[in-house]
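Enquirer: Here you go, one structure.
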Amino acid sequence: MITLTFIVMEVLFMDSTKSSLLHREYVSRINLVQDYIERNINKVFTLEELSAISGFSKYHFHRIFGSIMNETLSNYINRLKLEKAASYLLHAPHKTITEIALDLCFTNSAMFARSFKKYYGMSATEYRLTYSKKSQTNSKIRKVNNAPLRYNEIDKTNDWRQKKLKLECKVDIVDVEEMTVIYLRHVGAYSEFGKVFQNMLGRLVTWASAKGIVNDKGIKLLTIYHDNHEITNEDKLRTSVCMAVPKDTIVDGELGKMAIPAGKYAIGHFTIDNGEQHGDAWKYLYGEWLPNSGYQPDDGASFEMYLNDPNTHPEKKHLIDIYLPVKPL
């Protein structure tokens, strides 16, 4: 009886492990599709090309994508395009609304206008006037699902300056070479991401160590924030925990691989005490340095790189670099 029970438990464990591995493979394939859409957001996508990237039949790809992402493929693409449009409205004042619509391959400006108003609860013109960092009027309009605060509203509503936290910071403008990374991705609120971050980091390092990628020269660990948390609903925020690897690295299972594109980045070098100052570092870079820098955000995701183990620092401080893709204003 004991032997039979043990055998049954072992079979159930094997089935559970196999199921988990299969699910990770599905997630990994859908991550590849997400990466492709993000890199090519300014184009029209076809079901054939996206299903081919996933490796799933086009007849089943829609259902699989929806099940993994809890969002239909068409809604996902449309949402990312509208969020990119919102970013252009805030940070590319030289672009007209029609130009933004055409850049993002909406059929016409009327279709874009309808989609934008339905999603944000206001027209693109109202959005630009209300939330532009150059706006000098207080808005009485606030979209329910996390419409971004203007820069001057950030100054008033966040007390990070009032605290006068003395962040040790230096910002450099650097031409960064392309970097290949492996990653694990989390979709959801940053508060939830914080709970699983260390576990995800450990899984990455464990996998790389088993493959002989980790060496005495050290490793580069970073987190990519694919979405603007002031524009994207928190349950849709995509965050990737990454490790830099050789370009020819072959991944398997739940791991993904992507290239962080070369380009000009503003790199903020910070020495911080805790999680609270971690948020202050991002606020400083966007709310203080950027508006006075002569630069504006460029297309591409921002990310942070971890330079030390705070447990080995004499004052237990975190050394981080925040990378922000930029272009001249």
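Ordering of the structure tokens sets the chain letters (A, B, ...); residue numbers start at 1 within each chain; ligands are numbered from 1 in the order shown.
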Would you write out, as JSON lines, a table of all residues in segment 158-248 of chain A that have an atom no more than 12 Å from an atom of segment 56-71 of chain A, listing for each the closest atom pair and the distance in Å to one decimal, considering only C-alpha atoms and ordering rows by chain and rising residue number?

Expert:
{"residue": "A:Arg185", "atom": "CA", "partner": "A:Met69", "partner_atom": "CA", "distance": 11.8}
{"residue": "A:His186", "atom": "CA", "partner": "A:Met69", "partner_atom": "CA", "distance": 10.9}
{"residue": "A:Val187", "atom": "CA", "partner": "A:Met69", "partner_atom": "CA", "distance": 8.4}
{"residue": "A:Gly188", "atom": "CA", "partner": "A:Met69", "partner_atom": "CA", "distance": 10.6}
{"residue": "A:Asp235", "atom": "CA", "partner": "A:Asn70", "partner_atom": "CA", "distance": 10.2}
{"residue": "A:Lys236", "atom": "CA", "partner": "A:Met69", "partner_atom": "CA", "distance": 8.8}
{"residue": "A:Leu237", "atom": "CA", "partner": "A:Met69", "partner_atom": "CA", "distance": 11.3}
{"residue": "A:Arg238", "atom": "CA", "partner": "A:Met69", "partner_atom": "CA", "distance": 10.7}

Enquirer: With N, CA and C atoms retained, export the selected residues as an mmCIF file, in the first residue's frame.

Expert:
data_model
loop_
_atom_site.group_PDB
_atom_site.id
_atom_site.type_symbol
_atom_site.label_atom_id
_atom_site.label_comp_id
_atom_site.auth_asym_id
_atom_site.auth_seq_id
_atom_site.Cartn_x
_atom_site.Cartn_y
_atom_site.Cartn_z
ATOM 1 N N ARG A 185 9.798 37.161 -17.721
ATOM 2 C CA ARG A 185 8.900 38.322 -17.788
ATOM 3 C C ARG A 185 7.752 38.195 -16.796
ATOM 4 N N HIS A 186 7.427 39.327 -16.192
ATOM 5 C CA HIS A 186 6.276 39.416 -15.292
ATOM 6 C C HIS A 186 5.273 40.393 -15.887
ATOM 7 N N VAL A 187 4.000 40.056 -15.843
ATOM 8 C CA VAL A 187 2.936 40.958 -16.286
ATOM 9 C C VAL A 187 2.050 41.245 -15.087
ATOM 10 N N GLY A 188 1.971 42.511 -14.692
ATOM 11 C CA GLY A 188 1.167 42.875 -13.540
ATOM 12 C C GLY A 188 1.741 44.077 -12.821
ATOM 13 N N ASP A 235 -2.273 46.269 -14.211
ATOM 14 C CA ASP A 235 -2.364 44.825 -14.420
ATOM 15 C C ASP A 235 -1.811 44.402 -15.776
ATOM 16 N N LYS A 236 -1.462 45.371 -16.637
ATOM 17 C CA LYS A 236 -0.899 45.080 -17.956
ATOM 18 C C LYS A 236 0.592 45.415 -18.046
ATOM 19 N N LEU A 237 1.183 45.917 -16.984
ATOM 20 C CA LEU A 237 2.589 46.329 -17.025
ATOM 21 C C LEU A 237 3.504 45.126 -17.253
ATOM 22 N N ARG A 238 4.387 45.259 -18.237
ATOM 23 C CA ARG A 238 5.331 44.185 -18.548
ATOM 24 C C ARG A 238 6.718 44.547 -18.031
#

Enquirer: Excluding Leu285 of chain A and any residue of its chain fewer than 5 positions from it, enumerate the residues within 12 Å of it, using only C-alpha atoms, and give them as a list in words.

Expert: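 After dropping sequence-adjacent residues, the list is Tyr151, Leu167, Cys169, Lys170, Val171, Asp172, Ala266, Ile267, Gly268, His269, Phe270, His278, Gly279, Asp280, Leu290, Pro291, Asn292, Ser293, Tyr295, Gln296, Pro297, Ser302, Glu304, Asp321, Ile322, Tyr323, Leu324, Pro325 and Val326 of chain A.
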
Enquirer: Would you export the selected residues with N, CA and C atoms as a CSV table (one decimal), in the first residue's frame, please?

Expert:
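Generated output (part-v2.csv):
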chain,number,residue,atom,x,y,z
A,151,TYR,N,4.3,66.8,-15.6
A,151,TYR,CA,5.5,67.0,-14.8
A,151,TYR,C,5.3,67.9,-13.6
A,167,LEU,N,20.2,62.3,-3.0
A,167,LEU,CA,20.6,61.2,-3.8
A,167,LEU,C,22.0,61.5,-4.4
A,169,CYS,N,24.0,61.2,-7.3
A,169,CYS,CA,23.6,61.0,-8.7
A,169,CYS,C,24.5,61.8,-9.6
A,170,LYS,N,24.8,61.1,-10.8
A,170,LYS,CA,25.5,61.7,-11.9
A,170,LYS,C,24.8,61.1,-13.1
A,171,VAL,N,24.6,62.0,-14.2
A,171,VAL,CA,24.0,61.5,-15.4
A,171,VAL,C,24.9,61.8,-16.6
A,172,ASP,N,25.2,60.7,-17.3
A,172,ASP,CA,26.0,60.8,-18.5
A,172,ASP,C,25.2,60.5,-19.8
A,266,ALA,N,20.7,58.3,-21.8
A,266,ALA,CA,21.1,59.0,-20.6
A,266,ALA,C,21.2,58.0,-19.5
A,267,ILE,N,22.3,57.9,-18.8
A,267,ILE,CA,22.6,56.9,-17.8
A,267,ILE,C,22.7,57.7,-16.5
A,268,GLY,N,21.8,57.5,-15.6
A,268,GLY,CA,21.8,58.0,-14.2
A,268,GLY,C,22.5,57.1,-13.3
A,269,HIS,N,23.5,57.5,-12.7
A,269,HIS,CA,24.3,56.7,-11.7
A,269,HIS,C,23.8,57.0,-10.3
A,270,PHE,N,23.2,56.1,-9.6
A,270,PHE,CA,22.6,56.4,-8.3
A,270,PHE,C,23.2,55.5,-7.2
A,278,HIS,N,14.6,54.3,-4.4
A,278,HIS,CA,14.7,53.7,-5.7
A,278,HIS,C,13.6,54.4,-6.6
A,279,GLY,N,12.4,54.6,-6.1
A,279,GLY,CA,11.4,55.4,-6.8
A,279,GLY,C,11.8,56.8,-7.0
A,280,ASP,N,12.5,57.4,-6.0
A,280,ASP,CA,12.9,58.8,-6.1
A,280,ASP,C,14.0,59.0,-7.2
A,290,LEU,N,15.5,65.4,-16.9
A,290,LEU,CA,15.1,65.4,-18.3
A,290,LEU,C,14.6,66.7,-18.8
A,291,PRO,N,13.7,67.4,-18.0
A,291,PRO,CA,13.1,68.6,-18.5
A,291,PRO,C,14.2,69.7,-18.7
A,292,ASN,N,15.3,69.6,-18.0
A,292,ASN,CA,16.4,70.6,-18.1
A,292,ASN,C,17.6,70.2,-18.9
A,293,SER,N,17.5,69.0,-19.6
A,293,SER,CA,18.6,68.4,-20.2
A,293,SER,C,18.9,68.8,-21.7
A,295,TYR,N,17.2,67.1,-23.9
A,295,TYR,CA,16.9,65.9,-24.5
A,295,TYR,C,15.4,65.5,-24.2
A,296,GLN,N,14.9,64.6,-25.0
A,296,GLN,CA,13.6,64.0,-24.8
A,296,GLN,C,13.7,62.5,-25.0
A,297,PRO,N,12.7,61.8,-24.4
A,297,PRO,CA,12.8,60.3,-24.5
A,297,PRO,C,12.7,59.8,-25.9
A,302,SER,N,13.2,51.8,-21.2
A,302,SER,CA,14.2,52.2,-20.2
A,302,SER,C,14.5,51.0,-19.4
A,304,GLU,N,17.0,49.4,-15.8
A,304,GLU,CA,18.0,49.7,-14.7
A,304,GLU,C,19.0,48.5,-14.6
A,321,ASP,N,22.4,51.8,-12.1
A,321,ASP,CA,22.4,52.7,-13.2
A,321,ASP,C,21.0,52.6,-13.9
A,322,ILE,N,20.4,53.8,-14.2
A,322,ILE,CA,19.1,53.8,-14.9
A,322,ILE,C,19.4,54.3,-16.3
A,323,TYR,N,19.0,53.5,-17.3
A,323,TYR,CA,19.3,53.8,-18.7
A,323,TYR,C,18.0,54.3,-19.3
A,324,LEU,N,18.0,55.5,-19.9
A,324,LEU,CA,16.9,56.1,-20.5
A,324,LEU,C,17.2,56.5,-22.0
A,325,PRO,N,16.6,55.8,-23.0
A,325,PRO,CA,16.9,56.2,-24.4
A,325,PRO,C,16.5,57.6,-24.7
A,326,VAL,N,17.4,58.4,-25.3
A,326,VAL,CA,17.1,59.8,-25.5
A,326,VAL,C,17.5,60.3,-26.9

Enquirer: Write out as a VMD selection string which residues come within 7 Å of segment 244-258 of chain A when counting only C-alpha atoms, dropping same-chain ones fewer than 5 positions away.

Expert: chain A and resid 21 24 to 25 27 to 28 31 179 to 184 220 to 221

Enquirer: Go ahead and dump the residues you just picked, N, CA and C atoms, as a CSV table (one decimal), in the first residue's frame.

Expert:
chain,number,residue,atom,x,y,z
A,21,LEU,N,6.4,22.6,-17.3
A,21,LEU,CA,7.4,22.9,-18.4
A,21,LEU,C,6.7,23.2,-19.7
A,24,ARG,N,5.5,26.8,-19.5
A,24,ARG,CA,6.6,27.7,-19.6
A,24,ARG,C,7.0,27.9,-21.1
A,25,GLU,N,6.9,26.8,-21.8
A,25,GLU,CA,7.2,26.8,-23.3
A,25,GLU,C,6.2,27.7,-24.0
A,27,VAL,N,4.5,30.2,-22.6
A,27,VAL,CA,4.7,31.6,-22.2
A,27,VAL,C,5.9,32.2,-23.0
A,28,SER,N,7.0,31.3,-23.1
A,28,SER,CA,8.2,31.8,-23.8
A,28,SER,C,7.9,32.1,-25.3
A,31,ASN,N,6.0,35.4,-25.4
A,31,ASN,CA,6.9,36.5,-25.1
A,31,ASN,C,7.6,36.9,-26.4
A,179,MET,N,23.0,45.0,-26.8
A,179,MET,CA,23.3,44.0,-25.7
A,179,MET,C,22.3,42.9,-25.8
A,180,THR,N,22.8,41.6,-25.9
A,180,THR,CA,21.9,40.5,-25.9
A,180,THR,C,21.6,40.0,-24.5
A,181,VAL,N,20.3,39.8,-24.1
A,181,VAL,CA,20.0,39.4,-22.8
A,181,VAL,C,19.0,38.2,-22.8
A,182,ILE,N,19.1,37.4,-21.8
A,182,ILE,CA,18.1,36.4,-21.5
A,182,ILE,C,17.1,37.0,-20.5
A,183,TYR,N,15.9,36.5,-20.5
A,183,TYR,CA,15.0,37.2,-19.5
A,183,TYR,C,13.8,36.3,-19.1
A,184,LEU,N,13.3,36.6,-18.0
A,184,LEU,CA,12.0,36.1,-17.5
A,184,LEU,C,11.1,37.3,-17.4
A,220,LYS,N,26.0,40.9,-15.7
A,220,LYS,CA,25.2,42.1,-15.8
A,220,LYS,C,23.8,41.7,-15.6
A,221,LEU,N,23.2,42.2,-14.6
A,221,LEU,CA,21.8,41.9,-14.3
A,221,LEU,C,21.0,43.2,-14.4

Enquirer: Which neighbours of Pro310 of chain A fall inside 12 Å, counting only C-alpha atoms, when residues of the same chain fewer than 2 positions from it are skipped, and could you give them as a compact mmCIF listing (two decimals) with C-alpha atoms, in the first residue's frame?

Expert:
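Below is the file that was written, around05.txt:
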# COMPACT_ATOMS: atom_id res chain seq x y z
CA THR A 271 23.61 55.29 -4.82
CA ILE A 272 20.44 54.65 -2.85
CA ASP A 273 19.49 53.40 0.59
CA ASN A 274 16.24 51.53 0.07
CA TYR A 306 22.40 46.51 -10.79
CA LEU A 307 26.05 47.14 -10.01
CA ASN A 308 26.51 45.56 -6.60
CA THR A 312 28.45 43.51 0.68
CA HIS A 313 28.32 47.33 0.79
CA PRO A 314 29.64 48.78 4.09
CA GLU A 315 26.47 50.90 4.37
CA LYS A 316 24.19 48.32 2.69
CA LYS A 317 23.55 50.72 -0.19
CA HIS A 318 22.38 49.84 -3.69
CA LEU A 319 24.42 51.00 -6.68
CA ILE A 320 22.21 51.20 -9.78

Enquirer: Give me the residues near Arg128 of chain A as a list in words, where near means some atom within 7 Å (using only C-alpha atoms) and where sequence neighbours in that chain fewer than 3 positions away do not count.

Expert: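 Here the answer would be Leu89, Leu90, Ala124, Thr125, Tyr131 and Ser132 of chain A.
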
Enquirer: Mind checking DSSP for segment 161-265 of chain A and telling me the alpha helix (DSSP H) residues as a list in words?

Expert: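 Matching residues for alpha helix (DSSP H) in segment 161-265 of chain A are Tyr190, Ser191, Glu192, Phe193, Gly194, Lys195, Val196, Phe197, Gln198, Asn199, Met200, Leu201, Gly202, Arg203, Leu204, Val205, Thr206, Trp207, Ala208, Ser209 and Ala210 of chain A.
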
Enquirer: Can those selected residues be exported to a file as a CSV table (one decimal), in the first residue's frame so that it contains N, CA and C atoms?

Expert:
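Output file part10.csv follows:
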chain,number,residue,atom,x,y,z
A,190,TYR,N,3.6,46.7,-10.3
A,190,TYR,CA,5.0,46.7,-9.8
A,190,TYR,C,5.0,46.1,-8.3
A,191,SER,N,4.0,46.4,-7.6
A,191,SER,CA,3.9,45.9,-6.2
A,191,SER,C,4.0,44.3,-6.2
A,192,GLU,N,3.4,43.7,-7.2
A,192,GLU,CA,3.4,42.2,-7.3
A,192,GLU,C,4.8,41.8,-7.8
A,193,PHE,N,5.3,42.6,-8.7
A,193,PHE,CA,6.6,42.2,-9.3
A,193,PHE,C,7.7,42.2,-8.2
A,194,GLY,N,7.6,43.2,-7.3
A,194,GLY,CA,8.6,43.2,-6.2
A,194,GLY,C,8.6,42.0,-5.4
A,195,LYS,N,7.5,41.3,-5.3
A,195,LYS,CA,7.4,40.0,-4.5
A,195,LYS,C,8.1,38.9,-5.1
A,196,VAL,N,8.2,38.9,-6.4
A,196,VAL,CA,8.8,37.7,-7.2
A,196,VAL,C,10.2,38.1,-7.8
A,197,PHE,N,10.6,39.3,-7.6
A,197,PHE,CA,11.9,39.7,-8.3
A,197,PHE,C,13.0,38.9,-7.9
A,198,GLN,N,13.3,38.7,-6.6
A,198,GLN,CA,14.5,37.9,-6.2
A,198,GLN,C,14.4,36.5,-6.7
A,199,ASN,N,13.2,35.9,-6.7
A,199,ASN,CA,13.1,34.5,-7.2
A,199,ASN,C,13.4,34.4,-8.7
A,200,MET,N,12.9,35.4,-9.5
A,200,MET,CA,13.2,35.4,-10.9
A,200,MET,C,14.7,35.6,-11.2
A,201,LEU,N,15.3,36.5,-10.4
A,201,LEU,CA,16.7,36.7,-10.6
A,201,LEU,C,17.5,35.5,-10.3
A,202,GLY,N,17.1,34.8,-9.2
A,202,GLY,CA,17.8,33.5,-8.8
A,202,GLY,C,17.7,32.5,-9.9
A,203,ARG,N,16.5,32.4,-10.5
A,203,ARG,CA,16.3,31.4,-11.6
A,203,ARG,C,17.2,31.7,-12.8
A,204,LEU,N,17.3,33.0,-13.1
A,204,LEU,CA,18.2,33.3,-14.2
A,204,LEU,C,19.6,33.0,-14.0
A,205,VAL,N,20.1,33.3,-12.8
A,205,VAL,CA,21.5,33.0,-12.5
A,205,VAL,C,21.8,31.5,-12.4
A,206,THR,N,20.8,30.8,-11.8
A,206,THR,CA,21.0,29.4,-11.7
A,206,THR,C,21.1,28.7,-13.1
A,207,TRP,N,20.2,29.2,-14.0
A,207,TRP,CA,20.2,28.6,-15.4
A,207,TRP,C,21.5,29.0,-16.1
A,208,ALA,N,22.0,30.2,-15.9
A,208,ALA,CA,23.2,30.6,-16.6
A,208,ALA,C,24.4,29.9,-16.0
A,209,SER,N,24.4,29.7,-14.7
A,209,SER,CA,25.5,29.0,-14.1
A,209,SER,C,25.6,27.5,-14.6
A,210,ALA,N,24.4,26.9,-14.7
A,210,ALA,CA,24.4,25.5,-15.2
A,210,ALA,C,24.9,25.4,-16.7

Enquirer: Can you pull out every residue from segment 67-289 of chain A that DSSP, working from the backbone, puts in strand (DSSP E), and format the result as a PyMOL selection string?

Expert: chain A and resi 168-176+179-187+221-225+238-244+256-260+263-272

Enquirer: I'd like the neighbourhood of Glu38 of chain A as a VMD selection string, where a residue qualifies if any of its atoms comes within 9 Å (using only C-alpha atoms), though same-chain residues fewer than 5 positions away should be ignored.

Expert: chain A and resid 33 80 226 300

Enquirer: Could you give me, as a PyMOL selection string, the residues within 12 Å of Ile97 of chain A, counting only C-alpha atoms and dropping anything in the same chain fewer than 3 positions from it?

Expert: chain A and resi 82+85-90+92-94+100-104+106+108-110+112-113+116+123-128
